[in-house]
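J.: One file: final-v3.cif (mmCIF, C-alpha atoms).
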```
data_upload
#
loop_
_atom_site.group_PDB
_atom_site.id
_atom_site.type_symbol
_atom_site.label_atom_id
_atom_site.label_comp_id
_atom_site.auth_asym_id
_atom_site.auth_seq_id
_atom_site.Cartn_x
_atom_site.Cartn_y
_atom_site.Cartn_z
ATOM 1 C CA MET A 1 46.991 -23.341 3.373
ATOM 2 C CA ARG A 2 47.505 -21.313 0.206
ATOM 3 C CA THR A 3 50.435 -18.921 -0.082
ATOM 4 C CA CYS A 4 50.741 -15.903 -2.355
ATOM 5 C CA SER A 5 53.812 -16.223 -4.586
ATOM 6 C CA ASP A 6 54.393 -12.458 -4.580
ATOM 7 C CA CYS A 7 54.045 -11.421 -0.935
ATOM 8 C CA PHE A 8 53.955 -14.887 0.726
ATOM 9 C CA LYS A 9 50.730 -14.116 2.558
ATOM 10 C CA THR A 10 48.775 -17.250 3.479
ATOM 11 C CA PHE A 11 45.056 -17.932 3.012
ATOM 12 C CA SER A 12 42.800 -20.773 4.070
ATOM 13 C CA HIS A 13 40.667 -20.814 0.925
ATOM 14 C CA ALA A 14 41.605 -20.691 -2.730
ATOM 15 C CA GLY A 15 38.954 -18.061 -3.408
ATOM 16 C CA ASP A 16 40.525 -15.697 -0.892
ATOM 17 C CA LEU A 17 43.935 -16.147 -2.515
ATOM 18 C CA ARG A 18 42.506 -15.530 -5.975
ATOM 19 C CA HIS A 19 40.720 -12.399 -4.781
ATOM 20 C CA HIS A 20 43.924 -11.178 -3.110
ATOM 21 C CA ARG A 21 46.017 -11.620 -6.254
ATOM 22 C CA GLN A 22 43.438 -9.911 -8.460
ATOM 23 C CA LEU A 23 43.178 -6.989 -6.080
ATOM 24 C CA TYR A 24 46.844 -6.385 -5.170
ATOM 25 C CA HIS A 25 49.155 -8.101 -7.669
ATOM 26 C CA GLN A 26 47.401 -8.119 -11.025
ATOM 27 C CA LEU A 27 46.158 -4.536 -11.300
ATOM 28 C CA GLU A 28 48.446 -3.770 -14.228
ATOM 29 C CA LYS A 29 47.472 -6.881 -16.154
ATOM 30 C CA ARG A 30 43.743 -6.702 -15.364
ATOM 31 C CA PRO A 31 42.411 -3.271 -14.376
ATOM 32 C CA PRO A 32 39.613 -3.539 -11.806
ATOM 33 C CA VAL A 33 36.051 -2.594 -12.690
ATOM 34 C CA HIS A 34 34.847 0.438 -10.744
ATOM 35 C CA TYR A 35 31.218 1.295 -10.003
ATOM 36 C CA PHE A 36 30.450 5.005 -9.847
ATOM 37 C CA CYS A 37 27.694 6.818 -7.966
ATOM 38 C CA TYR A 38 25.343 9.022 -9.991
ATOM 39 C CA TYR A 39 24.862 11.465 -7.115
ATOM 40 C CA CYS A 40 28.451 12.081 -5.973
ATOM 41 C CA ASN A 41 32.082 11.133 -6.685
ATOM 42 C CA PHE A 42 31.921 7.857 -4.797
ATOM 43 C CA LYS A 43 33.360 4.792 -6.547
ATOM 44 C CA THR A 44 33.893 1.214 -5.478
ATOM 45 C CA LEU A 45 35.052 -2.129 -6.795
ATOM 46 C CA TYR A 46 31.898 -3.911 -5.686
ATOM 47 C CA LYS A 47 28.361 -3.466 -6.913
ATOM 48 C CA TYR A 48 26.960 -4.317 -3.485
ATOM 49 C CA ASN A 49 28.760 -1.356 -1.923
ATOM 50 C CA LEU A 50 27.381 0.930 -4.615
ATOM 51 C CA SER A 51 23.836 -0.316 -3.967
ATOM 52 C CA LYS A 52 24.150 0.457 -0.258
ATOM 53 C CA HIS A 53 25.599 3.881 -1.013
ATOM 54 C CA VAL A 54 22.836 4.836 -3.481
ATOM 55 C CA LYS A 55 20.175 3.588 -1.059
ATOM 56 C CA ALA A 56 21.518 6.000 1.557
ATOM 57 C CA HIS A 57 21.197 8.843 -0.957
ATOM 58 C CA LEU A 58 17.575 7.980 -1.743
ATOM 59 C CA THR A 59 16.630 7.549 1.917
ATOM 60 C CA GLN A 60 18.024 10.959 2.781
ATOM 61 C CA LYS A 61 16.201 12.515 -0.173
ATOM 62 C CA ARG A 62 12.847 11.010 0.875
ATOM 63 C CA LYS A 63 13.290 12.145 4.470
ATOM 64 C CA LYS A 64 14.089 15.667 3.353
ATOM 65 C CA THR A 65 10.982 15.761 1.147
ATOM 66 C CA ARG A 66 8.529 14.229 3.589
ATOM 67 C CA ASN A 67 9.633 15.570 6.941
ATOM 68 C CA ASN A 68 10.375 19.188 6.122
ATOM 69 C CA ASN A 69 7.350 20.691 7.891
ATOM 70 C CA VAL A 70 7.250 24.490 7.968
ATOM 71 C CA CYS A 71 4.828 26.494 10.082
ATOM 72 C CA SER A 72 1.944 27.768 7.937
ATOM 73 C CA LEU A 73 1.516 30.873 10.098
ATOM 74 C CA CYS A 74 5.024 32.289 10.610
ATOM 75 C CA GLY A 75 7.025 30.415 7.972
ATOM 76 C CA THR A 76 10.141 30.286 10.154
ATOM 77 C CA PHE A 77 9.648 27.356 12.514
ATOM 78 C CA GLU A 78 10.570 23.946 11.074
ATOM 79 C CA CYS A 79 10.326 20.499 12.584
ATOM 80 C CA VAL A 80 9.946 16.851 11.676
ATOM 81 C CA ASP A 81 7.471 15.659 14.269
ATOM 82 C CA ARG A 82 3.785 16.490 13.833
ATOM 83 C CA LYS A 83 3.252 16.847 17.579
ATOM 84 C CA LEU A 84 5.982 19.488 17.807
ATOM 85 C CA MET A 85 4.267 21.539 15.120
ATOM 86 C CA VAL A 86 0.925 21.346 16.926
ATOM 87 C CA ASP A 87 2.624 22.436 20.164
ATOM 88 C CA HIS A 88 4.173 25.346 18.236
ATOM 89 C CA TYR A 89 0.720 26.408 17.037
ATOM 90 C CA LYS A 90 -0.516 26.462 20.636
ATOM 91 C CA SER A 91 2.474 28.153 22.277
ATOM 92 C CA ALA A 92 3.711 30.603 19.635
ATOM 93 C CA HIS A 93 0.440 31.496 17.898
ATOM 94 C CA GLU A 94 -2.069 30.769 20.678
ATOM 95 C CA VAL A 95 -4.183 28.528 18.465
ATOM 96 C CA LEU A 96 -7.116 26.952 20.299
ATOM 97 C CA LEU A 97 -7.417 23.353 19.148
ATOM 98 C CA ASN A 98 -10.956 22.898 20.526
ATOM 99 C CA GLU A 99 -10.236 19.293 21.436
ATOM 100 C CA GLN A 100 -13.299 17.222 22.303
ATOM 101 C CA THR A 101 -14.070 13.652 23.317
ATOM 102 C CA LEU A 102 -17.292 12.264 21.851
ATOM 103 C CA ASN A 103 -19.060 8.939 22.299
ATOM 104 C CA PHE A 104 -21.380 7.178 19.856
ATOM 105 C CA ASN A 105 -23.444 4.035 20.185
ATOM 106 C CA SER A 106 -22.483 2.618 16.784
ATOM 107 C CA TRP A 107 -20.173 3.138 13.824
ATOM 108 C CA ASP A 108 -23.055 4.299 11.614
ATOM 109 C CA GLN A 109 -23.931 6.988 14.134
ATOM 110 C CA PHE A 110 -20.325 8.179 14.074
ATOM 111 C CA LEU A 111 -20.275 8.312 10.257
ATOM 112 C CA ALA A 112 -23.511 10.322 10.231
ATOM 113 C CA TRP A 113 -22.022 12.831 12.691
ATOM 114 C CA LYS A 114 -18.825 12.985 10.628
ATOM 115 C CA LEU A 115 -20.787 13.800 7.466
ATOM 116 C CA ASP A 116 -22.777 16.537 9.213
ATOM 117 C CA THR A 117 -19.577 18.042 10.624
ATOM 118 C CA GLU A 118 -17.895 18.052 7.221
ATOM 119 C CA ASN A 119 -20.894 19.764 5.619
ATOM 120 C CA ALA A 120 -21.067 22.371 8.374
ATOM 121 C CA GLU A 121 -17.344 23.207 8.282
ATOM 122 C CA CYS A 122 -16.811 22.844 4.496
ATOM 123 C CA CYS A 123 -14.065 20.290 5.009
ATOM 124 C CA LYS A 124 -13.431 16.593 4.659
ATOM 125 C CA PHE A 125 -11.627 14.142 6.912
ATOM 126 C CA VAL A 126 -9.793 11.356 5.096
ATOM 127 C CA MET A 127 -8.423 8.182 6.625
ATOM 128 C CA ARG A 128 -4.659 7.850 6.878
ATOM 129 C CA ASP A 129 -2.750 4.562 7.263
ATOM 130 C CA GLY A 130 -5.944 2.475 7.288
ATOM 131 C CA LYS A 131 -7.632 0.789 10.231
ATOM 132 C CA LYS A 132 -5.467 -0.814 12.909
ATOM 133 C CA GLN A 133 -6.851 -3.544 15.132
ATOM 134 C CA ARG A 134 -5.830 -3.721 18.748
ATOM 135 C CA GLU A 135 -6.747 -6.240 21.400
ATOM 136 C CA ARG A 136 -10.038 -4.628 22.422
ATOM 137 C CA PHE A 137 -10.791 -2.031 19.743
ATOM 138 C CA ILE A 138 -10.125 -0.875 16.169
ATOM 139 C CA VAL A 139 -8.409 2.488 15.670
ATOM 140 C CA SER A 140 -9.156 4.693 12.652
ATOM 141 C CA LYS A 141 -7.320 7.990 12.200
ATOM 142 C CA TYR A 142 -8.678 10.763 9.993
ATOM 143 C CA ARG A 143 -6.965 14.005 9.052
ATOM 144 C CA CYS A 144 -8.004 17.129 7.221
ATOM 145 C CA PHE A 145 -7.900 16.497 3.480
ATOM 146 C CA ARG A 146 -5.682 19.563 3.025
ATOM 147 C CA ASP A 147 -3.061 18.379 5.498
ATOM 148 C CA GLY A 148 0.323 17.259 4.165
ATOM 149 C CA HIS A 149 2.674 17.892 1.262
ATOM 150 C CA PHE A 150 2.056 17.670 -2.450
ATOM 151 C CA LEU A 151 4.285 15.034 -4.035
ATOM 152 C CA ALA A 152 4.091 14.646 -7.799
ATOM 153 C CA LYS A 153 3.742 10.988 -8.728
ATOM 154 C CA GLY A 154 4.307 11.354 -12.455
ATOM 155 C CA SER A 155 7.139 12.603 -14.614
ATOM 156 C CA GLY A 156 6.207 16.238 -14.066
ATOM 157 C CA THR A 157 5.028 16.861 -17.629
ATOM 158 C CA ARG A 158 1.463 17.667 -16.560
ATOM 159 C CA ARG A 159 0.780 21.123 -15.227
ATOM 160 C CA LEU A 160 -1.059 21.662 -11.966
ATOM 161 C CA LYS A 161 -4.567 23.052 -11.877
ATOM 162 C CA LEU A 162 -4.866 26.832 -11.802
ATOM 163 C CA LYS A 163 -5.921 26.785 -8.159
ATOM 164 C CA GLY A 164 -3.059 24.455 -7.255
ATOM 165 C CA SER A 165 -3.031 21.345 -5.132
ATOM 166 C CA CYS A 166 -5.411 20.826 -2.219
ATOM 167 C CA ARG A 167 -2.427 20.124 0.033
ATOM 168 C CA ILE A 168 -1.140 23.135 1.967
ATOM 169 C CA ASN A 169 2.438 21.770 2.169
ATOM 170 C CA GLY A 170 2.179 21.953 5.927
ATOM 171 C CA ILE A 171 0.339 20.541 8.916
ATOM 172 C CA CYS A 172 -3.317 21.167 9.701
ATOM 173 C CA PRO A 173 -4.059 19.955 13.249
ATOM 174 C CA ALA A 174 -7.731 19.145 12.561
ATOM 175 C CA SER A 175 -8.166 15.404 12.998
ATOM 176 C CA LEU A 176 -10.386 12.555 14.156
ATOM 177 C CA THR A 177 -9.246 9.487 16.077
ATOM 178 C CA ALA A 178 -12.033 6.931 16.338
ATOM 179 C CA ARG A 179 -11.888 3.818 18.516
ATOM 180 C CA LYS A 180 -14.504 1.161 17.912
ATOM 181 C CA HIS A 181 -14.804 -1.226 20.837
ATOM 182 C CA LEU A 182 -15.070 -4.820 19.667
ATOM 183 C CA SER A 183 -17.219 -5.985 22.566
ATOM 184 C CA SER A 184 -19.983 -3.369 22.566
ATOM 185 C CA GLY A 185 -19.621 -1.741 19.138
ATOM 186 C CA ALA A 186 -19.533 1.706 20.748
ATOM 187 C CA VAL A 187 -17.242 4.351 19.256
ATOM 188 C CA SER A 188 -15.204 6.917 21.194
ATOM 189 C CA VAL A 189 -13.795 9.820 19.179
ATOM 190 C CA ARG A 190 -11.044 12.323 19.910
ATOM 191 C CA TYR A 191 -11.915 15.345 17.794
ATOM 192 C CA ILE A 192 -9.676 18.371 17.106
ATOM 193 C CA ALA A 193 -11.727 21.012 15.320
ATOM 194 C CA ALA A 194 -9.131 23.733 14.648
ATOM 195 C CA HIS A 195 -7.998 24.165 11.029
ATOM 196 C CA VAL A 196 -4.698 25.983 10.427
ATOM 197 C CA GLY A 197 -3.062 27.064 7.180
ATOM 198 C CA HIS A 198 -6.135 27.250 4.937
ATOM 199 C CA TYR A 199 -9.625 28.643 4.654
ATOM 200 C CA ALA A 200 -12.944 26.828 4.317
ATOM 201 C CA GLU A 201 -13.236 26.747 0.525
ATOM 202 C CA ILE A 202 -16.215 24.924 -0.941
ATOM 203 C CA GLY A 203 -14.502 24.677 -4.311
ATOM 204 C CA ARG A 204 -11.824 22.427 -2.818
ATOM 205 C CA LEU A 205 -14.345 19.733 -1.906
ATOM 206 C CA ASN A 206 -15.335 16.836 -4.145
ATOM 207 C CA LEU A 207 -18.832 16.055 -5.299
ATOM 208 C CA THR A 208 -20.612 13.524 -3.119
ATOM 209 C CA LEU A 209 -21.676 10.128 -4.425
ATOM 210 C CA GLU A 210 -25.331 11.203 -4.486
ATOM 211 C CA GLU A 211 -24.479 14.325 -6.505
ATOM 212 C CA LYS A 212 -22.431 12.285 -8.972
ATOM 213 C CA ASN A 213 -25.339 9.851 -9.221
ATOM 214 C CA GLU A 214 -27.741 12.636 -10.150
ATOM 215 C CA ILE A 215 -25.400 14.086 -12.778
ATOM 216 C CA ALA A 216 -24.551 10.664 -14.212
ATOM 217 C CA HIS A 217 -28.208 9.837 -14.830
ATOM 218 C CA LYS A 218 -28.682 13.130 -16.685
ATOM 219 C CA LEU A 219 -25.607 12.511 -18.830
ATOM 220 C CA ALA A 220 -26.747 8.981 -19.599
ATOM 221 C CA ALA A 221 -30.144 10.360 -20.636
ATOM 222 C CA GLY A 222 -28.439 12.631 -23.179
ATOM 223 C CA VAL A 223 -29.012 15.960 -21.422
ATOM 224 C CA PRO A 224 -26.520 18.554 -22.776
ATOM 225 C CA ILE A 225 -23.768 19.715 -20.458
ATOM 226 C CA GLY A 226 -24.849 23.345 -20.724
ATOM 227 C CA THR A 227 -28.388 22.470 -19.675
ATOM 228 C CA ILE A 228 -27.115 20.534 -16.651
ATOM 229 C CA LEU A 229 -24.925 23.437 -15.549
ATOM 230 C CA ASP A 230 -27.779 25.931 -15.946
ATOM 231 C CA SER A 231 -30.114 23.779 -13.859
ATOM 232 C CA LEU A 232 -27.498 23.494 -11.116
ATOM 233 C CA ARG A 233 -26.980 27.256 -11.033
ATOM 234 C CA GLU A 234 -30.728 27.878 -10.883
ATOM 235 C CA SER A 235 -31.134 25.491 -7.941
ATOM 236 C CA ILE A 236 -29.473 27.932 -5.512
ATOM 237 C CA ASN A 237 -31.941 28.812 -2.755
ATOM 238 C CA ASN A 238 -31.686 31.936 -0.580
ATOM 239 C CA GLY A 239 -28.102 32.545 -1.641
ATOM 240 C CA GLU A 240 -26.870 29.313 -0.001
ATOM 241 C CA VAL A 241 -24.151 27.912 -2.262
ATOM 242 C CA ASN A 242 -23.051 24.283 -1.981
ATOM 243 C CA ARG A 243 -20.375 22.327 -3.803
ATOM 244 C CA ILE A 244 -22.775 21.053 -6.469
ATOM 245 C CA HIS A 245 -23.624 24.637 -7.443
ATOM 246 C CA LEU A 246 -19.951 25.186 -8.324
ATOM 247 C CA THR A 247 -19.834 22.234 -10.700
ATOM 248 C CA THR A 248 -17.736 22.963 -13.776
ATOM 249 C CA ARG A 249 -17.569 21.485 -17.238
ATOM 250 C CA LYS A 250 -14.428 19.651 -16.163
ATOM 251 C CA ASP A 251 -16.393 17.866 -13.438
ATOM 252 C CA LEU A 252 -18.981 16.749 -15.974
ATOM 253 C CA TRP A 253 -16.292 15.649 -18.417
ATOM 254 C CA ASN A 254 -14.656 13.549 -15.710
ATOM 255 C CA ILE A 255 -17.966 11.860 -14.890
ATOM 256 C CA ARG A 256 -18.721 11.325 -18.575
ATOM 257 C CA ASN A 257 -15.290 9.853 -19.273
ATOM 258 C CA THR A 258 -15.549 7.544 -16.275
ATOM 259 C CA LEU A 259 -18.966 6.436 -17.522
ATOM 260 C CA HIS A 260 -17.512 5.880 -21.039
ATOM 261 C CA LEU A 261 -20.169 8.049 -22.643
ATOM 262 C CA GLN A 262 -17.733 10.030 -24.778
ATOM 263 C CA ASN A 263 -16.947 7.248 -27.213
ATOM 264 C CA GLY A 264 -20.431 5.755 -27.155
ATOM 265 C CA SER A 265 -19.512 2.661 -25.135
ATOM 266 C CA THR A 266 -21.189 1.993 -21.795
ATOM 267 C CA LEU A 267 -20.955 -0.645 -19.124
ATOM 268 C CA HIS A 268 -24.410 -1.911 -20.116
ATOM 269 C CA ALA A 269 -26.790 -1.462 -23.024
ATOM 270 C CA ASP A 270 -29.331 0.194 -20.746
ATOM 271 C CA ASP A 271 -28.222 3.672 -19.615
ATOM 272 C CA ARG A 272 -29.670 3.345 -16.125
ATOM 273 C CA THR A 273 -27.977 -0.013 -15.577
ATOM 274 C CA SER A 274 -24.740 1.448 -16.927
ATOM 275 C CA VAL A 275 -24.851 4.295 -14.419
ATOM 276 C CA GLU A 276 -25.620 1.961 -11.523
ATOM 277 C CA ALA A 277 -22.747 -0.319 -12.573
ATOM 278 C CA TRP A 278 -20.374 2.644 -12.672
ATOM 279 C CA LEU A 279 -21.489 3.838 -9.242
ATOM 280 C CA SER A 280 -21.038 0.376 -7.757
ATOM 281 C CA THR A 281 -17.452 0.206 -9.065
ATOM 282 C CA GLY A 282 -16.656 3.705 -7.768
#
```
Could I get this file's structure written as structure tokens?
T.:
Amino acid sequence: MRTCSDCFKTFSHAGDLRHHRQLYHQLEKRPPVHYFCYYCNFKTLYKYNLSKHVKAHLTQKRKKTRNNNVCSLCGTFECVDRKLMVDHYKSAHEVLLNEQTLNFNSWDQFLAWKLDTENAECCKFVMRDGKKQRERFIVSKYRCFRDGHFLAKGSGTRRLKLKGSCRINGICPASLTARKHLSSGAVSVRYIAAHVGHYAEIGRLNLTLEEKNEIAHKLAAGVPIGTILDSLRESINNGEVNRIHLTTRKDLWNIRNTLHLQNGSTLHADDRTSVEAWLSTG
């Protein structure tokens, strides 16, 4: 047993006695080192305690940013759970979700239906959280591409586009939940068609891979950007406007920069091979 010479308190280990003397009897000779929190007035003698304290600050900040869902229709109702917001849409605003259950013979048939639905409704369903495999099937969840909150990933020095982010900073109930059965390959889909909080805007959609392919071949062939834009505008038939007809110079610049045509370097000496190599990597 070790005994403190100042207060005669006993300890089993020498390290405990040394810690006790440094903490209670040698403060005047050796001032303790304090760790301070950057977010509040908290201070502690131990770095581990500060790490736990700061982690609590960051966790609370992330929860406040991610889970603060406000109703897109009334702007007064707030909740954390997505299901509660959907129930609020139905009860308070009488939104009809148009929920359907569809069955497909294969995954390719489901993807073809999904593409036709997106083209008809001027929307896009994106996968969230990846595919999850269960015992008898694989679950894939898709949500409206405008659902969710905009969270800046950079330092904030870049300005947003003039039309803003695609995210509505709220919840859009439109979704797809596809279950692919491992035994038969059949796909059952739970489809909610109602979109809330935004309009069907063609300009919010991205160019398809086929449309990018067509533009990339023209850029690789040396066709001027103005000529490409004029040909796209002239291709409008019977007043039916699609996303490719709204292509801007910025879209062409993005494709050209991705293809490395601006500085004269390509993925291959042959332009056609260079375009195909770029499309395969994208």
J.: One decimal, Å: what's the distance from CA of Ser72 in chain A over to CA of Arg167 in chain A, could you say?
T.: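 Between CA of Ser72 in chain A and CA of Arg167 in chain A the gap is 11.8 Å.
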J.: Nearest to Ser175 in chain A: which of A:Gly203, A:Arg249, A:Gly239, A:Lys114 is it, counting all atoms listed in the file?
T.: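 Nearest to Ser175 in chain A: A:Lys114.
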J.: Of the residues A:Cys144, A:Cys122, A:Ile225, A:Val139, which is the one nearest to Ser188 in chain A, using all atoms listed in the file?
T.: A:Val139
J.: Hey, what's within 6 Å of Ile192 in chain A if we count all atoms listed in the file and toss same-chain stuff fewer than 6 positions away? As a list in words, please?
T.: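 Counting all atoms listed in the file, the residues come to Leu97, Asn98, Glu99, Ala174 and Ser175 of chain A.
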J.: CA of Ala194 in chain A to CA of Asn69 in chain A: how many Å, to one decimal?
T.: 18.1 Å
